[in-house]
Amino acid sequence: MSASTSESAPPLAPPMGLIAEMTHRCPLRCPYCSNPVALDRAGDELDTDTWLRVLDEAAALGVLQMHFTGGEPLARRDLPLLVRRAADAQLYTNIITSGVTLDERMMARLIEAGIDHIQLSFQDVEAANADRIGGLAGAHGRKLAAAQRIREAGLPLTANFVIHRQNIARVPAMLELAEALGASRSEIAHVQYYGWGLRNRDALLPSRAELDATTATVEAARARLKGRMVIDYVVPDYYAARPKACMSGWAQRFIHISPTGRALPCHAAESLPGFTFVSVRDVPLADIWRADPAFLRFRGTAWMPEPCQSCDRREIDWGGCRCQAFALTGDAARTDPACALSPDHAVMAAAVAARGEAPPDFVYRQFSAADPVG
Ligand code: SF4
Ligand code: SF4
């Protein structure tokens, strides 16, 4: 802790990355999906011409990386066209995909468009459990084929495993699979408990012993694979003593755009009450980045309460996650309860204590309770 409370507005650099959530449509239904519980419908999605304009605006603003994600970004037929525009504008292009529809024809179109990198998500290494978690029979086999296509095309591959109590025992096998697939990077990321993940928390939250075993596995693999494969590791906040620097700080490095065009400081920001998020249909990207009230609300440190305001980590973790603070305390402006210094930290331990011996059934992602998928 530091006694200093001096503040200065951080210099406003351009966003490093634009995260384009192209659609909430997806052939899978993962019960931890980072999409909001209220999903956007296809008919409301941003049109191609607006996306093309936004890509040009992003390049002019100084954005370096374009991340095309979803839902399943391949559900958008115009994805190769958008990748081409981004590549022509000298943006680094990445697609984050479930891979189940990445056939040879689409792979060739993406290569021709200039794609730089593909991040492929897996639900497990055991096909039956992977398909059960994702809610789609045959999905795992199609992902393996997609991984092979990506590597045969000469693209760098990141293999992304979202882990939780129903697959965490197989982290060693996940790392072996990533290595066998020729991935240059592997992400072992615990579920984050927002949106669908929060709804399914008891079905997903691992035990402390499972987390510790996984951490030891990852550290050993990092030593073994040094120079061959980078391993990113994301731990669950519920066992943390300090929070993550969510989005590297609110509105500091990334702009997120929802399928309907709303500009957000993070993908879960629409869960926060009292905000109006403007659309890139109506407002230029540069104006949103520099002056939109929603982006200014939690940028920097001036908004922080104690204990963050006088803490020497306030420009390291930026007080943690605003959406988690709201989800667990009802107030987005409080210190993230993941921090042991937060007056609300006990809610984390209470959630762990309430975790049952056997996981309850998943509540699968769906468009609405009145319109279930499957
Ligand atoms: S987490 Fe699962 S359901 Fe959500 S977008 Fe990714 S693959 Fe689709
Ligand atoms: S959340 Fe706040 S109190 Fe906790 S370490 Fe970060 S800045 Fe300090």
# chains A, B, ... in the order shown; residues from 1 in each chain; ligands from 1
>>> residues_around(residues="A:Ala159", least_positions_apart="5", cutoff="6 Å", atoms="only C-alpha atoms", output="VMD selection string")
chain A and resid 120 178 186
>>> residues_near_ligand(ligand="ligand 2", cutoff="7 Å", atoms="only C-alpha atoms and all ligand atoms", output="JSON, numbers by chain")
{"A": [242, 243, 307, 308, 309, 311, 312, 313, 314, 317, 318, 319, 320, 335, 336, 339, 340, 341, 342]}
>>> write_last_selection(atoms="C-alpha atoms", output="mmCIF file, in the first residue's frame")
data_model
loop_
_atom_site.group_PDB
_atom_site.id
_atom_site.type_symbol
_atom_site.label_atom_id
_atom_site.label_comp_id
_atom_site.auth_asym_id
_atom_site.auth_seq_id
_atom_site.Cartn_x
_atom_site.Cartn_y
_atom_site.Cartn_z
ATOM 1 C CA ARG A 242 -5.687 -10.058 -6.000
ATOM 2 C CA PRO A 243 -7.904 -9.456 -9.034
ATOM 3 C CA PRO A 307 -8.896 0.596 -0.577
ATOM 4 C CA CYS A 308 -7.967 0.922 -4.280
ATOM 5 C CA GLN A 309 -7.499 4.704 -4.196
ATOM 6 C CA CYS A 311 -3.172 1.128 -3.094
ATOM 7 C CA ASP A 312 0.094 0.829 -4.995
ATOM 8 C CA ARG A 313 -1.460 -1.758 -7.320
ATOM 9 C CA ARG A 314 -4.124 0.626 -8.611
ATOM 10 C CA ASP A 317 -4.894 -4.264 -11.785
ATOM 11 C CA TRP A 318 -7.055 -1.110 -12.074
ATOM 12 C CA GLY A 319 -9.276 -2.308 -9.230
ATOM 13 C CA GLY A 320 -10.232 -5.519 -11.028
ATOM 14 C CA THR A 335 -13.406 -2.868 -5.400
ATOM 15 C CA ASP A 336 -13.569 -6.231 -7.155
ATOM 16 C CA CYS A 339 -9.226 -8.752 -3.979
ATOM 17 C CA ALA A 340 -8.484 -9.882 -0.433
ATOM 18 C CA LEU A 341 -8.382 -6.181 0.538
ATOM 19 C CA SER A 342 -11.975 -5.678 -0.616
#
>>> residues_near_ligand(ligand="ligand 1", cutoff="8 Å", atoms="only C-alpha atoms and all ligand atoms", output="PyMOL selection string")
chain A and resi 24-35+69-72+97-98+121+134+365
>>> write_last_selection(atoms="N, CA and C atoms", output="PDB file, in the first residue's frame")
ATOM      1  N   HIS A  24     -23.910 -13.360 -32.126  1.00  0.00           N
ATOM      2  CA  HIS A  24     -24.085 -14.277 -30.991  1.00  0.00           C
ATOM      3  C   HIS A  24     -24.521 -15.659 -31.469  1.00  0.00           C
ATOM      4  N   ARG A  25     -24.753 -15.810 -32.777  1.00  0.00           N
ATOM      5  CA  ARG A  25     -25.097 -17.145 -33.276  1.00  0.00           C
ATOM      6  C   ARG A  25     -23.893 -18.076 -33.119  1.00  0.00           C
ATOM      7  N   CYS A  26     -24.151 -19.328 -32.784  1.00  0.00           N
ATOM      8  CA  CYS A  26     -23.077 -20.300 -32.632  1.00  0.00           C
ATOM      9  C   CYS A  26     -23.685 -21.688 -32.673  1.00  0.00           C
ATOM     10  N   PRO A  27     -23.032 -22.629 -33.333  1.00  0.00           N
ATOM     11  CA  PRO A  27     -23.572 -24.000 -33.338  1.00  0.00           C
ATOM     12  C   PRO A  27     -23.449 -24.683 -31.975  1.00  0.00           C
ATOM     13  N   LEU A  28     -22.592 -24.122 -31.102  1.00  0.00           N
ATOM     14  CA  LEU A  28     -22.426 -24.709 -29.766  1.00  0.00           C
ATOM     15  C   LEU A  28     -23.258 -23.929 -28.741  1.00  0.00           C
ATOM     16  N   ARG A  29     -23.322 -24.474 -27.522  1.00  0.00           N
ATOM     17  CA  ARG A  29     -24.165 -23.854 -26.492  1.00  0.00           C
ATOM     18  C   ARG A  29     -23.443 -23.878 -25.138  1.00  0.00           C
ATOM     19  N   CYS A  30     -22.176 -23.629 -25.134  1.00  0.00           N
ATOM     20  CA  CYS A  30     -21.370 -23.798 -23.918  1.00  0.00           C
ATOM     21  C   CYS A  30     -22.007 -23.103 -22.713  1.00  0.00           C
ATOM     22  N   PRO A  31     -22.087 -23.799 -21.582  1.00  0.00           N
ATOM     23  CA  PRO A  31     -22.747 -23.230 -20.404  1.00  0.00           C
ATOM     24  C   PRO A  31     -21.905 -22.196 -19.660  1.00  0.00           C
ATOM     25  N   TYR A  32     -20.725 -21.880 -20.207  1.00  0.00           N
ATOM     26  CA  TYR A  32     -19.887 -20.811 -19.626  1.00  0.00           C
ATOM     27  C   TYR A  32     -19.642 -19.695 -20.630  1.00  0.00           C
ATOM     28  N   CYS A  33     -20.418 -19.691 -21.701  1.00  0.00           N
ATOM     29  CA  CYS A  33     -20.145 -18.749 -22.794  1.00  0.00           C
ATOM     30  C   CYS A  33     -20.041 -17.319 -22.264  1.00  0.00           C
ATOM     31  N   SER A  34     -19.071 -16.574 -22.804  1.00  0.00           N
ATOM     32  CA  SER A  34     -18.875 -15.194 -22.345  1.00  0.00           C
ATOM     33  C   SER A  34     -19.907 -14.240 -22.932  1.00  0.00           C
ATOM     34  N   ASN A  35     -20.714 -14.714 -23.862  1.00  0.00           N
ATOM     35  CA  ASN A  35     -21.778 -13.852 -24.390  1.00  0.00           C
ATOM     36  C   ASN A  35     -22.762 -13.517 -23.277  1.00  0.00           C
ATOM     37  N   THR A  69     -14.601 -12.316 -33.331  1.00  0.00           N
ATOM     38  CA  THR A  69     -15.081 -13.356 -32.446  1.00  0.00           C
ATOM     39  C   THR A  69     -16.602 -13.373 -32.457  1.00  0.00           C
ATOM     40  N   GLY A  70     -17.197 -14.087 -31.480  1.00  0.00           N
ATOM     41  CA  GLY A  70     -18.647 -14.173 -31.447  1.00  0.00           C
ATOM     42  C   GLY A  70     -19.112 -14.519 -30.044  1.00  0.00           C
ATOM     43  N   GLY A  71     -20.094 -15.441 -29.966  1.00  0.00           N
ATOM     44  CA  GLY A  71     -20.603 -16.383 -30.928  1.00  0.00           C
ATOM     45  C   GLY A  71     -19.540 -16.957 -31.870  1.00  0.00           C
ATOM     46  N   GLU A  72     -20.028 -17.453 -32.953  1.00  0.00           N
ATOM     47  CA  GLU A  72     -19.155 -18.056 -33.947  1.00  0.00           C
ATOM     48  C   GLU A  72     -19.002 -17.081 -35.112  1.00  0.00           C
ATOM     49  N   THR A  97     -12.538 -18.948 -32.917  1.00  0.00           N
ATOM     50  CA  THR A  97     -13.608 -19.769 -33.479  1.00  0.00           C
ATOM     51  C   THR A  97     -13.749 -21.101 -32.748  1.00  0.00           C
ATOM     52  N   SER A  98     -14.959 -21.637 -32.807  1.00  0.00           N
ATOM     53  CA  SER A  98     -15.172 -23.005 -32.323  1.00  0.00           C
ATOM     54  C   SER A  98     -14.625 -24.012 -33.329  1.00  0.00           C
ATOM     55  N   SER A 121     -11.071 -23.035 -30.043  1.00  0.00           N
ATOM     56  CA  SER A 121     -11.471 -23.411 -28.678  1.00  0.00           C
ATOM     57  C   SER A 121     -11.861 -24.882 -28.610  1.00  0.00           C
ATOM     58  N   GLY A 134     -20.281 -28.755 -24.978  1.00  0.00           N
ATOM     59  CA  GLY A 134     -20.627 -27.799 -26.027  1.00  0.00           C
ATOM     60  C   GLY A 134     -22.043 -27.952 -26.549  1.00  0.00           C
ATOM     61  N   ARG A 365     -26.541 -22.447 -22.763  1.00  0.00           N
ATOM     62  CA  ARG A 365     -26.761 -21.180 -23.455  1.00  0.00           C
ATOM     63  C   ARG A 365     -27.916 -21.312 -24.435  1.00  0.00           C
TER      64      ARG A 365
END
>>> select_by_dssp(residues="stretch 39-213 of chain A", states="strand (DSSP E or B)", output="number ranges by chain")
A: 65-69, 92-97, 117-122, 157-163, 185-190
>>> write_last_selection(atoms="C-alpha atoms", output="compact mmCIF listing (two decimals), in the first residue's frame")
# COMPACT_ATOMS: atom_id res chain seq x y z
CA GLN A 65 -5.09 -5.85 -33.82
CA MET A 66 -8.51 -7.01 -35.03
CA HIS A 67 -10.01 -9.92 -33.16
CA PHE A 68 -13.05 -11.39 -34.93
CA THR A 69 -15.08 -13.36 -32.45
CA TYR A 92 -3.17 -7.85 -37.50
CA THR A 93 -6.11 -10.22 -37.96
CA ASN A 94 -7.13 -12.96 -35.56
CA ILE A 95 -10.21 -15.18 -35.60
CA ILE A 96 -11.47 -16.82 -32.42
CA THR A 97 -13.61 -19.77 -33.48
CA HIS A 117 -3.82 -16.15 -36.79
CA ILE A 118 -6.60 -18.47 -35.63
CA GLN A 119 -7.53 -19.29 -32.06
CA LEU A 120 -9.45 -22.54 -31.77
CA SER A 121 -11.47 -23.41 -28.68
CA PHE A 122 -11.83 -26.91 -27.24
CA LEU A 157 -2.57 -21.87 -34.02
CA THR A 158 -3.61 -21.12 -30.46
CA ALA A 159 -5.44 -24.01 -28.79
CA ASN A 160 -7.79 -22.61 -26.19
CA PHE A 161 -9.12 -24.87 -23.42
CA VAL A 162 -11.74 -23.42 -21.08
CA ILE A 163 -11.45 -25.47 -17.91
CA ARG A 185 0.36 -21.14 -28.00
CA SER A 186 -2.05 -22.84 -25.66
CA GLU A 187 -4.45 -21.15 -23.32
CA ILE A 188 -5.55 -22.99 -20.19
CA ALA A 189 -8.23 -20.61 -18.99
CA HIS A 190 -10.52 -21.22 -16.08
>>> residues_around(residues="stretch 328-332 of chain A", least_positions_apart="6", cutoff="12 Å", atoms="only C-alpha atoms", output="count of residues only")
32
>>> atom_distance(atom1="atom CA of A:Val171", atom2="atom CA of A:Ala146")
20.7 Å
>>> select_by_dssp(residues="stretch 161-325 of chain A", states="helix (DSSP H, G or I)", output="ChimeraX atom specification")
/A:168-180,195-199,201-204,208-224,237-239,246-248,269-271,285-291,293-296,308-310,322-325
>>> residues_around(residues="A:Leu12", least_positions_apart="3", cutoff="10 Å", atoms="only C-alpha atoms", output="list in words")
Ala9, Pro15, Ala251, Gln252, Arg253, Trp289, Arg290, Arg299 and Gly300 of chain A
>>> residues_around(residues="stretch 213-227 of chain A", least_positions_apart="2", cutoff="9 Å", atoms="only C-alpha atoms", output="NGL selection string")
:A and (168-169 or 171-172 or 175 or 179 or 188 or 208-211 or 229-233 or 235)
>>> residues_around(residues="A:Ala354", least_positions_apart="4", cutoff="12 Å", atoms="only C-alpha atoms", output="JSON, numbers by chain")
{"A": [201, 202, 203, 205, 207, 347, 348, 349, 350, 358, 359]}
